[in-house]
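The next block is target09.cif, given as mmCIF, C-alpha atoms and all ligand atoms.
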data_query
loop_
_atom_site.group_PDB
_atom_site.id
_atom_site.type_symbol
_atom_site.label_atom_id
_atom_site.label_comp_id
_atom_site.auth_asym_id
_atom_site.auth_seq_id
_atom_site.Cartn_x
_atom_site.Cartn_y
_atom_site.Cartn_z
ATOM 1 C CA MET J 239 12.706 -32.315 3.074
ATOM 2 C CA ASN J 240 10.051 -31.940 5.774
ATOM 3 C CA PHE J 241 7.666 -29.038 6.449
ATOM 4 C CA LYS J 242 9.994 -27.297 8.926
ATOM 5 C CA GLU J 243 12.966 -27.526 6.576
ATOM 6 C CA ARG J 244 10.886 -26.225 3.663
ATOM 7 C CA ARG J 245 9.654 -23.383 5.839
ATOM 8 C CA ARG J 246 13.230 -22.474 6.781
ATOM 9 C CA ARG J 247 14.185 -22.489 3.109
ATOM 10 C CA ASN J 248 11.069 -20.916 1.584
ATOM 11 C CA GLY J 249 9.508 -18.940 4.415
ATOM 12 C CA PRO J 250 5.952 -19.420 5.698
ATOM 13 C CA VAL J 251 3.536 -21.452 3.600
ATOM 14 C CA PHE J 252 0.005 -20.147 3.148
ATOM 15 C CA LYS J 253 -2.531 -22.784 4.127
ATOM 16 C CA SER J 254 -5.517 -20.870 2.837
ATOM 17 C CA ARG J 255 -6.353 -17.746 0.876
ATOM 18 C CA GLN J 256 -8.624 -16.695 3.719
ATOM 19 C CA LYS J 257 -7.319 -13.818 5.770
ATOM 20 C CA ALA J 258 -3.915 -13.894 4.046
ATOM 21 C CA HIS J 259 -3.532 -10.188 4.802
ATOM 22 C CA GLU J 260 -3.989 -10.735 8.549
ATOM 23 C CA GLU J 261 -1.751 -13.790 8.484
ATOM 24 C CA VAL J 262 1.074 -11.785 6.948
ATOM 25 C CA LEU J 263 0.843 -9.033 9.547
ATOM 26 C CA ALA J 264 0.634 -11.580 12.381
ATOM 27 C CA ASN J 265 3.795 -13.349 11.216
ATOM 28 C CA GLU J 266 7.057 -11.604 12.133
ATOM 29 C CA PHE J 267 8.895 -13.557 9.455
ATOM 30 C CA TRP J 268 7.742 -10.981 6.878
ATOM 31 C CA PHE J 269 9.155 -8.102 8.933
ATOM 32 C CA GLY J 270 12.638 -9.633 8.999
ATOM 33 C CA ASP J 271 15.278 -10.039 6.327
ATOM 34 C CA GLY J 272 14.427 -13.585 5.254
ATOM 35 C CA VAL J 273 13.532 -14.634 1.712
ATOM 36 C CA PRO J 274 12.447 -13.155 -0.555
ATOM 37 C CA VAL J 275 14.981 -10.332 -0.617
ATOM 38 C CA ILE J 276 13.319 -7.400 -2.385
ATOM 39 C CA GLY J 277 16.282 -5.051 -2.762
ATOM 40 C CA LYS J 278 18.930 -3.195 -0.770
ATOM 41 C CA GLN J 279 16.587 -0.259 -0.174
ATOM 42 C CA PHE J 280 13.974 -2.534 1.398
ATOM 43 C CA THR J 281 15.711 -4.191 4.332
ATOM 44 C CA ALA J 282 14.190 -4.275 7.825
ATOM 45 C CA GLU J 283 16.692 -1.605 8.904
ATOM 46 C CA LYS J 284 15.762 0.711 6.009
ATOM 47 C CA ALA J 285 12.064 0.219 6.819
ATOM 48 C CA LYS J 286 12.758 1.298 10.399
ATOM 49 C CA GLU J 287 14.656 4.381 9.196
ATOM 50 C CA ARG J 288 11.777 5.258 6.883
ATOM 51 C CA LYS J 289 9.273 4.726 9.699
ATOM 52 C CA ASP J 290 11.138 7.254 11.890
ATOM 53 C CA LYS J 291 11.153 9.768 9.029
ATOM 54 C CA VAL J 292 7.459 9.308 8.196
ATOM 55 C CA VAL J 293 6.484 9.688 11.869
ATOM 56 C CA ASP J 294 8.673 12.775 12.232
ATOM 57 C CA VAL J 295 7.122 14.415 9.177
ATOM 58 C CA LEU J 296 3.593 13.580 10.371
ATOM 59 C CA TYR J 297 4.161 15.109 13.826
ATOM 60 C CA ARG J 298 5.871 18.212 12.406
ATOM 61 C CA THR J 299 3.058 18.720 9.913
ATOM 62 C CA ALA J 300 0.474 18.219 12.659
ATOM 63 C CA ARG J 301 2.197 20.918 14.769
ATOM 64 C CA ARG J 302 2.197 23.291 11.825
ATOM 65 C CA GLU J 303 -1.489 22.632 11.136
ATOM 66 C CA ARG J 304 -2.335 23.191 14.811
ATOM 67 C CA ARG J 305 -0.395 26.481 14.867
ATOM 68 C CA ALA J 306 -1.799 27.942 11.687
ATOM 69 C CA GLY J 307 -4.150 25.676 9.882
ATOM 70 C CA ASP J 308 -6.816 23.098 10.464
ATOM 71 C CA ALA J 309 -6.939 21.547 13.963
ATOM 72 C CA GLY J 310 -8.968 18.637 12.571
ATOM 73 C CA VAL J 311 -6.197 17.827 10.085
ATOM 74 C CA ALA J 312 -3.663 18.093 12.934
ATOM 75 C CA ASP J 313 -5.694 15.593 14.978
ATOM 76 C CA ARG J 314 -5.872 13.132 12.100
ATOM 77 C CA LEU J 315 -2.149 13.412 11.354
ATOM 78 C CA GLU J 316 -1.328 12.776 15.033
ATOM 79 C CA ILE J 317 -3.662 9.778 15.160
ATOM 80 C CA LEU J 318 -1.922 8.312 12.106
ATOM 81 C CA ALA J 319 1.552 9.051 13.513
ATOM 82 C CA ASP J 320 0.618 7.483 16.881
ATOM 83 C CA LYS J 321 -0.666 4.424 15.067
ATOM 84 C CA ILE J 322 2.585 3.999 13.102
ATOM 85 C CA VAL J 323 4.741 4.672 16.192
ATOM 86 C CA SER J 324 2.978 1.939 18.131
ATOM 87 C CA CYS J 325 3.441 -0.590 15.299
ATOM 88 C CA HIS J 326 5.606 -3.379 16.635
ATOM 89 C CA GLN J 327 5.842 -7.117 17.035
ATOM 90 C CA GLY J 328 2.543 -8.609 18.144
ATOM 91 C CA ARG J 329 0.662 -5.391 17.422
ATOM 92 C CA ARG J 330 1.119 -4.387 13.805
ATOM 93 C CA CYS J 331 -0.721 -1.251 12.702
ATOM 94 C CA ASP J 332 -1.786 -2.314 9.184
ATOM 95 C CA SER J 333 -1.531 1.247 7.885
ATOM 96 C CA LEU J 334 -0.757 1.823 4.229
ATOM 97 C CA PRO J 335 1.807 4.574 5.009
ATOM 98 C CA CYS J 336 3.591 2.351 7.582
ATOM 99 C CA PRO J 337 6.906 1.364 5.948
ATOM 100 C CA GLY J 338 7.143 -1.820 8.072
ATOM 101 C CA CYS J 339 3.664 -3.187 7.303
ATOM 102 C CA HIS J 340 3.832 -2.107 3.674
ATOM 103 C CA ARG J 341 7.166 -3.885 3.242
ATOM 104 C CA ALA J 342 5.925 -7.066 4.964
ATOM 105 C CA LEU J 343 2.925 -7.259 2.623
ATOM 106 C CA GLN J 344 5.150 -6.589 -0.380
ATOM 107 C CA LYS J 345 7.541 -9.397 0.645
ATOM 108 C CA ALA J 346 4.628 -11.810 1.045
ATOM 109 C CA LYS J 347 3.298 -10.848 -2.384
ATOM 110 C CA VAL J 348 6.692 -11.505 -3.960
ATOM 111 C CA ALA J 349 6.926 -14.872 -2.172
ATOM 112 C CA ALA J 350 3.441 -15.813 -3.371
ATOM 113 C CA GLN J 351 4.299 -14.809 -6.942
ATOM 114 C CA GLU J 352 7.465 -16.918 -6.871
ATOM 115 C CA ILE J 353 5.422 -19.936 -5.728
ATOM 116 C CA ILE J 354 2.663 -19.452 -8.291
ATOM 117 C CA ILE J 355 5.160 -18.926 -11.133
ATOM 118 C CA LYS J 356 6.951 -22.186 -10.220
ATOM 119 C CA ARG J 357 3.611 -24.029 -10.120
ATOM 120 C CA LEU J 358 2.467 -22.583 -13.438
ATOM 121 C CA LYS J 359 5.787 -23.549 -15.026
ATOM 122 C CA VAL J 360 4.975 -27.195 -14.266
ATOM 123 C CA ALA J 361 1.208 -27.149 -14.748
ATOM 124 C CA ARG J 362 1.255 -25.165 -18.004
ATOM 125 C CA ASN J 363 4.713 -25.792 -19.363
ATOM 126 C CA SER J 364 3.615 -25.358 -22.972
ATOM 127 C CA LYS J 365 2.224 -21.876 -22.277
ATOM 128 C CA LEU J 366 3.939 -18.530 -22.010
ATOM 129 C CA LEU J 367 3.573 -16.512 -18.828
ATOM 130 C CA VAL J 368 2.623 -12.931 -19.587
ATOM 131 C CA MET J 369 3.022 -10.153 -17.042
ATOM 132 C CA ALA J 370 0.637 -7.291 -17.716
ATOM 133 C CA ASN J 371 0.068 -3.790 -16.418
ATOM 134 C CA VAL J 372 -3.194 -1.972 -16.930
ATOM 135 C CA ILE J 373 -2.546 1.366 -18.628
ATOM 136 C CA PRO J 374 -5.261 3.956 -19.298
ATOM 137 C CA LEU J 375 -5.992 4.222 -23.035
ATOM 138 C CA TRP J 376 -5.176 7.901 -23.147
ATOM 139 C CA ILE J 377 -1.524 7.228 -22.263
ATOM 140 C CA ALA J 378 -1.185 3.937 -24.108
ATOM 141 C CA ASP J 379 1.181 3.305 -27.011
ATOM 142 C CA THR J 380 0.586 0.873 -29.834
ATOM 143 C CA PRO J 381 2.891 -2.195 -30.080
ATOM 144 C CA GLU J 382 4.619 -0.645 -33.144
ATOM 145 C CA GLU J 383 5.635 2.337 -31.015
ATOM 146 C CA PHE J 384 7.323 0.226 -28.296
ATOM 147 C CA ALA J 385 10.680 0.232 -30.083
ATOM 148 C CA ASP J 386 10.702 4.031 -29.964
ATOM 149 C CA LEU J 387 9.814 4.388 -26.295
ATOM 150 C CA ASP J 388 12.315 6.412 -24.291
ATOM 151 C CA VAL J 389 11.859 4.785 -20.875
ATOM 152 C CA ARG J 390 14.255 7.168 -19.116
ATOM 153 C CA ASN J 391 12.375 10.171 -20.431
ATOM 154 C CA LEU J 392 9.005 8.620 -19.567
ATOM 155 C CA ASN J 393 10.189 7.932 -16.008
ATOM 156 C CA ARG J 394 11.304 11.551 -15.701
ATOM 157 C CA ARG J 395 7.890 12.715 -16.886
ATOM 158 C CA LEU J 396 6.148 10.331 -14.466
ATOM 159 C CA LYS J 397 8.242 11.617 -11.545
ATOM 160 C CA ALA J 398 7.506 15.227 -12.520
ATOM 161 C CA ALA J 399 3.767 14.463 -12.715
ATOM 162 C CA GLN J 400 3.853 12.768 -9.291
ATOM 163 C CA GLU J 401 5.769 15.685 -7.859
ATOM 164 C CA ARG J 402 3.189 18.187 -9.188
ATOM 165 C CA PHE J 403 0.393 16.039 -7.763
ATOM 166 C CA LEU J 404 2.035 15.791 -4.327
ATOM 167 C CA ARG J 405 2.857 19.496 -4.226
ATOM 168 C CA GLU J 406 -0.795 20.312 -4.809
ATOM 169 C CA LEU J 407 -2.023 17.772 -2.310
ATOM 170 C CA LEU J 408 0.396 17.887 0.596
ATOM 171 C CA PRO J 409 2.519 20.397 2.496
ATOM 172 C CA PRO J 410 6.011 20.542 0.937
ATOM 173 C CA GLU J 411 7.966 19.327 3.981
ATOM 174 C CA MET J 412 5.962 16.133 3.973
ATOM 175 C CA TRP J 413 7.808 14.892 0.906
ATOM 176 C CA GLY J 414 11.133 16.589 1.379
ATOM 177 C CA ALA J 415 10.445 18.793 -1.663
ATOM 178 C CA GLU J 416 11.564 22.380 -1.920
ATOM 179 C CA PRO J 417 8.716 24.826 -1.116
HETATM 180 ZN ZN ZN Z 501 2.732 -0.951 10.752
#
Translate this structure into structure tokens?
Amino acid sequence: MNFKERRRRNGPVFKSRQKAHEEVLANEFWFGDGVPVIGKQFTAEKAKERKDKVVDVLYRTARRERRAGDAGVADRLEILADKIVSCHQGRRCDSLPCPGCHRALQKAKVAAQEIIIKRLKVARNSKLLVMANVIPLWIADTPEEFADLDVRNLNRRLKAAQERFLRELLPPEMWGAEP
């Protein structure tokens, strides 16, 4: 299998760690529906739908701020919305709230993880691969408590905490929450 065939099968191959972020955004492969597939909610079409919604919310919020709020905030929201609107092939915006760029970077991360996991499987086949999340001590549980964890309940609590945080931070229509 030659380079082109591997690329067709596996997607782009990183030649260097330098400027990987820029390379991802400059390569339209990551904005399409090629491998890796990261879920039905994260297709190119869904990213476009989300982009339209995010832009709409930003402009509406900017109008509201301009009418009865902070004109400086309105300016910044419009600048961000303009930036996301003008994100397209050959001129990606590289904004964190841009669903297209965010998805492209996420796909590249998944692809890189798949490659590194395959390599580690060969290079360290006698070792176990451990995936770890960093959790603040104040919300950590001891290993003995893991069996008793109610993940569904914890997720509900996490969502409620995020919701409270967003309600305090942002205007309600920005997140589709009830006022
Ligand atoms: Zn973008």
Written as a short mmCIF file (atom, residue, chain, number, x, y, z; two decimals) with C-alpha atoms, in the frame of the given file, what is the full residue list that the PyMOL selection byres (((chain J and resi 319) around 9) and not hetatm) yields on the file shown?
data_model
loop_
_atom_site.label_atom_id
_atom_site.label_comp_id
_atom_site.auth_asym_id
_atom_site.auth_seq_id
_atom_site.Cartn_x
_atom_site.Cartn_y
_atom_site.Cartn_z
CA VAL J 292 7.46 9.31 8.20
CA VAL J 293 6.48 9.69 11.87
CA ASP J 294 8.67 12.78 12.23
CA VAL J 295 7.12 14.42 9.18
CA LEU J 296 3.59 13.58 10.37
CA TYR J 297 4.16 15.11 13.83
CA ARG J 314 -5.87 13.13 12.10
CA LEU J 315 -2.15 13.41 11.35
CA GLU J 316 -1.33 12.78 15.03
CA ILE J 317 -3.66 9.78 15.16
CA LEU J 318 -1.92 8.31 12.11
CA ASP J 320 0.62 7.48 16.88
CA LYS J 321 -0.67 4.42 15.07
CA ILE J 322 2.58 4.00 13.10
CA VAL J 323 4.74 4.67 16.19
CA SER J 324 2.98 1.94 18.13
#
Chain and number of each residue from the PyMOL selection byres (((not hetatm)) within 10 of (chain Z and resi 501)), as a PyMOL selection string
chain J and resi 263+269+289+321-327+329-342
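Here CA of Ala300 in chain J is placed at a distance of 25.9 Å from CA of Ala399 in chain J.
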So the first atom is CA of Gly270 in chain J and the second is CA of Leu358 in chain J; what is the distance between them in Å, to one decimal place?
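Between these atoms lies a distance of 27.8 Å.
Distance annotation: of J:Gly328, J:Ala346, J:Val273, J:Arg298, the residue with the minimal separation from His259 in chain J is J:Ala346; atom set is only C-alpha atoms.
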Between CA of Ala378 in chain J and CA of Arg390 in chain J, what is the distance in Å, rounded to a tenth?
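So the two atoms, CA of Ala378 in chain J and CA of Arg390 in chain J, lie 16.5 Å apart.
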Kindly list the centre and edge lengths in Å, rounded to one decimal, for the axis-aligned box that covers all listed atoms of range 290-307 of chain J plus 8 Å on each of its six sides, as AutoDock Vina command-line options.
--center_x 3.5 --center_y 17.6 --center_z 11.5 --size_x 31.3 --size_y 36.7 --size_z 22.7
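For the set J:Lys365, J:Arg394, J:Lys359, J:Lys345, the residue with the smallest atom-to-atom gap to Pro274 in chain J is J:Lys345, counting all atoms listed in the file.
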Residue among J:Val360, J:Ala385, J:Ala370, J:Leu343 lying closest to Ala264 in chain J, counting all atoms listed in the file
J:Leu343
Could you give me, as a list in words, the residues within 8 Å of Asp271 in chain J, counting only C-alpha atoms and dropping anything in the same chain fewer than 3 positions from it?
Phe267, Trp268, Val275, Thr281 and Ala282 of chain J
Some atoms are missing, so please complete range 340-366 of chain J with N, CA and C atoms and return it as an mmCIF file, keeping the file's coordinate frame.
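What ended up in part18.cif:
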data_model
loop_
_atom_site.group_PDB
_atom_site.id
_atom_site.type_symbol
_atom_site.label_atom_id
_atom_site.label_comp_id
_atom_site.auth_asym_id
_atom_site.auth_seq_id
_atom_site.Cartn_x
_atom_site.Cartn_y
_atom_site.Cartn_z
ATOM 1 N N HIS J 340 3.865 -2.141 5.138
ATOM 2 C CA HIS J 340 3.832 -2.107 3.674
ATOM 3 C C HIS J 340 4.891 -3.060 3.106
ATOM 4 N N ARG J 341 6.076 -3.021 3.709
ATOM 5 C CA ARG J 341 7.166 -3.885 3.242
ATOM 6 C C ARG J 341 6.836 -5.361 3.481
ATOM 7 N N ALA J 342 6.271 -5.675 4.644
ATOM 8 C CA ALA J 342 5.925 -7.066 4.964
ATOM 9 C C ALA J 342 4.935 -7.614 3.937
ATOM 10 N N LEU J 343 3.924 -6.811 3.598
ATOM 11 C CA LEU J 343 2.925 -7.259 2.623
ATOM 12 C C LEU J 343 3.551 -7.407 1.241
ATOM 13 N N GLN J 344 4.470 -6.504 0.913
ATOM 14 C CA GLN J 344 5.150 -6.589 -0.380
ATOM 15 C C GLN J 344 6.003 -7.863 -0.452
ATOM 16 N N LYS J 345 6.714 -8.176 0.623
ATOM 17 C CA LYS J 345 7.541 -9.397 0.645
ATOM 18 C C LYS J 345 6.662 -10.643 0.476
ATOM 19 N N ALA J 346 5.526 -10.650 1.152
ATOM 20 C CA ALA J 346 4.628 -11.810 1.045
ATOM 21 C C ALA J 346 4.082 -11.943 -0.374
ATOM 22 N N LYS J 347 3.799 -10.801 -1.004
ATOM 23 C CA LYS J 347 3.298 -10.848 -2.384
ATOM 24 C C LYS J 347 4.361 -11.428 -3.317
ATOM 25 N N VAL J 348 5.603 -10.994 -3.121
ATOM 26 C CA VAL J 348 6.692 -11.505 -3.960
ATOM 27 C C VAL J 348 6.852 -13.010 -3.740
ATOM 28 N N ALA J 349 6.800 -13.441 -2.482
ATOM 29 C CA ALA J 349 6.926 -14.872 -2.172
ATOM 30 C C ALA J 349 5.804 -15.660 -2.839
ATOM 31 N N ALA J 350 4.590 -15.127 -2.765
ATOM 32 C CA ALA J 350 3.441 -15.813 -3.371
ATOM 33 C C ALA J 350 3.596 -15.889 -4.890
ATOM 34 N N GLN J 351 4.095 -14.813 -5.486
ATOM 35 C CA GLN J 351 4.299 -14.809 -6.942
ATOM 36 C C GLN J 351 5.350 -15.825 -7.348
ATOM 37 N N GLU J 352 6.418 -15.938 -6.548
ATOM 38 C CA GLU J 352 7.465 -16.918 -6.871
ATOM 39 C C GLU J 352 6.886 -18.338 -6.846
ATOM 40 N N ILE J 353 6.029 -18.597 -5.841
ATOM 41 C CA ILE J 353 5.422 -19.936 -5.728
ATOM 42 C C ILE J 353 4.497 -20.202 -6.917
ATOM 43 N N ILE J 354 3.652 -19.229 -7.223
ATOM 44 C CA ILE J 354 2.663 -19.452 -8.291
ATOM 45 C C ILE J 354 3.365 -19.582 -9.647
ATOM 46 N N ILE J 355 4.440 -18.837 -9.849
ATOM 47 C CA ILE J 355 5.160 -18.926 -11.133
ATOM 48 C C ILE J 355 5.801 -20.321 -11.275
ATOM 49 N N LYS J 356 6.369 -20.835 -10.170
ATOM 50 C CA LYS J 356 6.951 -22.186 -10.220
ATOM 51 C C LYS J 356 5.875 -23.226 -10.527
ATOM 52 N N ARG J 357 4.713 -23.079 -9.891
ATOM 53 C CA ARG J 357 3.611 -24.029 -10.120
ATOM 54 C C ARG J 357 3.125 -23.969 -11.566
ATOM 55 N N LEU J 358 2.965 -22.739 -12.067
ATOM 56 C CA LEU J 358 2.467 -22.583 -13.438
ATOM 57 C C LEU J 358 3.459 -23.149 -14.448
ATOM 58 N N LYS J 359 4.743 -23.042 -14.132
ATOM 59 C CA LYS J 359 5.787 -23.549 -15.026
ATOM 60 C C LYS J 359 5.601 -25.058 -15.241
ATOM 61 N N VAL J 360 5.197 -25.746 -14.178
ATOM 62 C CA VAL J 360 4.975 -27.195 -14.266
ATOM 63 C C VAL J 360 3.609 -27.489 -14.878
ATOM 64 N N ALA J 361 2.575 -26.825 -14.333
ATOM 65 C CA ALA J 361 1.208 -27.149 -14.748
ATOM 66 C C ALA J 361 0.911 -26.731 -16.187
ATOM 67 N N ARG J 362 1.548 -25.659 -16.641
ATOM 68 C CA ARG J 362 1.255 -25.165 -18.004
ATOM 69 C C ARG J 362 2.559 -24.940 -18.760
ATOM 70 N N ASN J 363 3.366 -25.989 -18.824
ATOM 71 C CA ASN J 363 4.713 -25.792 -19.363
ATOM 72 C C ASN J 363 4.750 -25.493 -20.862
ATOM 73 N N SER J 364 3.618 -25.686 -21.543
ATOM 74 C CA SER J 364 3.615 -25.358 -22.972
ATOM 75 C C SER J 364 3.132 -23.924 -23.220
ATOM 76 N N LYS J 365 2.760 -23.244 -22.133
ATOM 77 C CA LYS J 365 2.224 -21.876 -22.277
ATOM 78 C C LYS J 365 3.280 -20.840 -21.912
ATOM 79 N N LEU J 366 3.067 -19.643 -22.387
ATOM 80 C CA LEU J 366 3.939 -18.530 -22.010
ATOM 81 C C LEU J 366 3.280 -17.766 -20.859
#
